[in-house]
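Data block below; observations after.
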Amino acid sequence: MKPLASDRPFLCLLLIVIAVALLLAGSVFNSAGLSPYLANAIGQLAAFAVLAISLDLIWGYLGILSLGHGLFFGIGGYVVAMYLLKHSYEVTGRVPDFMQFMGWTELPFYWAGFGFFPYALLVAVVVTLLVSGVFGYVSFRSRVGGVYFAIITQALVYVAMLLMYRNDTGFGGNNGMTGFTVAFGWPVGSGGVVIIMAAVSVLVLGLTLLSCRFLMASRFGVMIVAAGDDEVRLRTLGYDTLRLKLAVWCLSAVIAAVAGMLYVPQVGIINPRLLAPELSLEIAVWVAIGGRGNLIGAVIGAVLVNAIKFWLSAAAPELWPFILSGLIVLIVLVFPNGLIDLAKMKLVRPMGVKRIAAETPELH
Amino acid sequence: MAGVALLVDNITVEFGSFRAIDALSLAVDFGEVRAVIGPNGAGKTTLLDVVSGIAHPKHGRVIFDDTTDVTRSSESDIARAGIRRKFQKPSIFEGLNVHQHIAIGAQGGWRRSLLPGELATRVDEVLEAIGLRDLAQRSAAELGHGQKQWLEIGMVLASNPKVLMLDEPVAGLTDDETERTVALVRGLKRADRAIVIVEHDMDFVEKVADRVTVLHEGRTLFEGSMAHARADERVIDVYLGR
């Protein structure tokens, strides 16, 4: 991997992310800035971009396809929703909707402490690590991989969805959780808070990008690339790949959970549909569209597909699924490695293949 | 160092109802270059798979360095013990450059065995030996077929293995490249190292191997010098032809 200072595409993207974060920050108290509606859309896109990066780590670099990353996104989302509800309940004294539906007079015991955000954050990380760690250990230890692993992850997220549809679990059941009124003591609905949440999401996206870039440039990152290219070769060179795969898998899951924690406060609701196989499949589509094995690709894919989706679902509500699927098929046909192919074309075409060959005379 | 580097003791490997290796025994000494030859399907690559821990035998044992039983060890444990192997199809990491390959091979495990300075020296030596020093920063994906073969050999020899197994090191190479590989393999021969080569190129085998083992249908058909193998009726019948 190129040193950071000379990796211009990455620096460009990072600069854009920082600029957007600053623009959002500047719009908080300035009505001439971005509208809360637009800011909210940008914030959601940033959350999706973080989610795409998480899948890109495990699929793009390590070659392990997960079709169940919605599970970890969902864990983050549910936990942050619990924080918001408990906190709102503590501040306003208004009983959450789902409790009213169930006729409960108080929250179940396992909601204790969720009004304290650091505790909620800890729970999100611990639960994500537990679920991903146990599942990853069992799968990787028995050398389950490829399409089998993808199918099992899909089943896992489906099971989680069925579980969350139950109304008696204390997590909102089929209605999910909504009615968040207060976050960190501020009213959730106000324009300023909406913009701040978006700015935080974009900031987290920037931090995620930068830390994943450092990770992939490290010795560990070199090993990730090697294991993705030829795992048996790496094992027969003396490297046990179980720990490597498990570490990347768990890291990827935690990043997905963070994305969920950013996403849910901005859409104001979480329900089991987030755990439907569709979202988990879509994440893979974003990464494939943008270009897997490339952090920039994952971000571009997630932002582009979702921006088009936002726009089309308003402009052509009946047609958008068809237009979007058509676009996706077209892109995959023209650019098998995703839109990141565009950048390579631009680099190679003007110089010509001949000149590249002339610079490398030793090769045949 | 004298003694048996690798003892394959009465190994049987079955894939479903197919018996790839049938009660095979084989001993390779330290200091020896042994070629394992035979027709396709004779069990040559399966033998290397068993030794490197990729395939598991139904019966039998693999003993390394007279004392260590590696039959049930994992691939990475076997590699760290000092048995390294080049695959039939050049197996390299397309996303990494030449230097990174050799460094991965030289460290030979998560726990770093070499200090940064030692690592740099070792990588340099290996790059020199395989003739890829000028291409150290080049991506492995850009290398030619012969260079990929050498890169993989470099990667497995970087950790100074006691047993080095090369599966078809000259397959698909030009005559010129084959000659360079002969010199490379001869240079790898050491008193404390056993080298096992699986190869179909008989001229190459004759130039590098001290002894040959001819496998046929999972059993040993012949063991001895290449000259004797060429004269052996059974070897001619099943493999070399008249």
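Residues in the structure tokens are named by chain (A, B, ... in the order shown) and by number from 1 within that chain; ligands are numbered from 1 in the order shown.
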
**OP:** Just the residues within 12 Å of stretch 102-111 of chain A, please, counting only C-alpha atoms, with nothing from its chain fewer than 5 positions along; format it as a PyMOL selection string.
**Re:** chain A and resi 78-87+89-90+93-97+116+119-120+123+166-175

Once you have the residues from the selection above, write them out as a compact mmCIF listing (two decimals), in the first residue's frame, restricted to C-alpha atoms.
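Wrote it out as part07.txt, contents follow:
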# COMPACT_ATOMS: atom_id res chain seq x y z
CA TYR A 78 -31.27 -1.60 19.11
CA VAL A 79 -28.84 -0.69 21.87
CA VAL A 80 -28.78 3.00 20.95
CA ALA A 81 -32.60 2.94 20.72
CA MET A 82 -32.70 1.53 24.24
CA TYR A 83 -30.46 4.35 25.41
CA LEU A 84 -32.65 6.97 23.73
CA LEU A 85 -35.90 5.53 25.09
CA LYS A 86 -34.60 5.05 28.62
CA HIS A 87 -33.02 8.49 28.63
CA TYR A 89 -38.24 8.19 29.86
CA GLU A 90 -35.97 9.41 32.65
CA GLY A 93 -41.39 10.58 32.52
CA ARG A 94 -43.38 9.53 29.46
CA VAL A 95 -43.73 5.74 29.27
CA PRO A 96 -42.33 4.26 26.00
CA ASP A 97 -44.97 3.18 23.45
CA PHE A 116 -26.27 6.10 30.79
CA TYR A 119 -22.92 1.83 29.51
CA ALA A 120 -25.06 1.45 26.38
CA VAL A 123 -23.15 -3.17 25.94
CA ARG A 166 -41.77 -11.29 19.25
CA ASN A 167 -43.56 -8.75 21.39
CA ASP A 168 -42.73 -10.30 24.75
CA THR A 169 -38.95 -9.88 24.58
CA GLY A 170 -38.99 -6.31 25.82
CA PHE A 171 -37.35 -4.91 22.69
CA GLY A 172 -40.41 -3.44 21.05
CA GLY A 173 -41.53 -6.47 19.04
CA ASN A 174 -42.96 -5.92 15.58
CA ASN A 175 -43.58 -2.21 16.20

Would you mind listing, for every residue of chain B within 7 Å of chain A, the two atoms forming the shortest contact and the distance between them in Å to one decimal, using only C-alpha atoms, sorted by chain and ascending residue number, as JSON lines?
{"residue": "B:Glu75", "atom": "CA", "partner": "A:Thr236", "partner_atom": "CA", "distance": 5.2}
{"residue": "B:Ser76", "atom": "CA", "partner": "A:Gly238", "partner_atom": "CA", "distance": 3.9}
{"residue": "B:Asp77", "atom": "CA", "partner": "A:Gly238", "partner_atom": "CA", "distance": 6.3}
{"residue": "B:Ala79", "atom": "CA", "partner": "A:Gly238", "partner_atom": "CA", "distance": 4.7}
{"residue": "B:Arg80", "atom": "CA", "partner": "A:Gly238", "partner_atom": "CA", "distance": 4.9}
{"residue": "B:Arg84", "atom": "CA", "partner": "A:Leu237", "partner_atom": "CA", "distance": 6.8}
{"residue": "B:Ser91", "atom": "CA", "partner": "A:Arg233", "partner_atom": "CA", "distance": 6.5}
{"residue": "B:Phe93", "atom": "CA", "partner": "A:Asp229", "partner_atom": "CA", "distance": 5.3}
{"residue": "B:Glu94", "atom": "CA", "partner": "A:Asp229", "partner_atom": "CA", "distance": 6.5}
{"residue": "B:Gly95", "atom": "CA", "partner": "A:Val225", "partner_atom": "CA", "distance": 6.3}
{"residue": "B:Gly105", "atom": "CA", "partner": "A:Leu237", "partner_atom": "CA", "distance": 6.1}
{"residue": "B:Gly108", "atom": "CA", "partner": "A:Gly238", "partner_atom": "CA", "distance": 5.2}
{"residue": "B:Gly109", "atom": "CA", "partner": "A:Tyr239", "partner_atom": "CA", "distance": 4.7}
{"residue": "B:Trp110", "atom": "CA", "partner": "A:Tyr239", "partner_atom": "CA", "distance": 6.0}
{"residue": "B:Leu143", "atom": "CA", "partner": "A:Leu363", "partner_atom": "CA", "distance": 6.7}
{"residue": "B:Gly144", "atom": "CA", "partner": "A:His364", "partner_atom": "CA", "distance": 6.2}
{"residue": "B:Val156", "atom": "CA", "partner": "A:Leu237", "partner_atom": "CA", "distance": 6.9}

**OP:** Tell me, as a ChimeraX atom specification, which residues lie within 9 Å of B:Glu199, counting only C-alpha atoms; anything in the same chain fewer than 6 positions away does not count.
**Re:** /B:35-38,166-171,205

Requested write-out: C-alpha atoms of the selected residues, as a CSV table (one decimal), in the first residue's frame:
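Output saved as result.csv:
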chain,number,residue,atom,x,y,z
B,35,ALA,CA,12.8,-36.8,-6.4
B,36,VAL,CA,9.4,-38.3,-6.3
B,37,ILE,CA,8.3,-39.2,-9.8
B,38,GLY,CA,5.6,-41.2,-11.4
B,166,LEU,CA,9.0,-28.5,-4.2
B,167,ASP,CA,6.0,-29.6,-6.2
B,168,GLU,CA,6.8,-29.2,-10.0
B,169,PRO,CA,9.3,-26.3,-9.7
B,170,VAL,CA,10.1,-26.2,-13.4
B,171,ALA,CA,6.6,-26.8,-14.9
B,205,VAL,CA,15.4,-34.6,-12.0

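Atom pair atom CA of A:Phe72 / atom CA of A:Leu281: separated by 13.6 Å.
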
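Put simply, atom CA of A:Met197 is 22.4 Å away from atom CA of A:Ser252.
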
Original post:
Which neighbours of stretch 229-242 of chain B fall inside 10 Å, counting only C-alpha atoms, when residues of the same chain fewer than 5 positions from it are skipped, and could you give them as a ChimeraX atom specification?
Top reply: /B:37-40,200,202,211-217,221-224

Which residues of stretch 85-164 of chain A have any atom within 10 Å of an atom in stretch 262-277 of chain A when counting only C-alpha atoms, and what is the closest pair of atoms for each, with the distance in Å to one decimal? Order the rows by chain and rising number and write it as CSV.
residue,atom,partner,partner_atom,distance
A:Thr153,CA,A:Pro277,CA,9.7
A:Gln154,CA,A:Pro277,CA,6.4
A:Ala155,CA,A:Pro277,CA,8.4
A:Leu156,CA,A:Pro277,CA,9.6
A:Val157,CA,A:Leu275,CA,5.9
A:Tyr158,CA,A:Ala276,CA,6.2
A:Val159,CA,A:Leu275,CA,8.9
A:Ala160,CA,A:Leu275,CA,6.8
A:Met161,CA,A:Leu275,CA,5.0
A:Leu162,CA,A:Pro272,CA,7.8
A:Leu163,CA,A:Pro272,CA,8.6
A:Met164,CA,A:Pro272,CA,5.7

Original post:
In Å, with one decimal, what is the gap from atom CA of B:Ser25 to atom CA of B:Ala55?
Top reply: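 Taking atom CA of B:Ser25 as the start and atom CA of B:Ala55 as the end point, the length is 16.2 Å.
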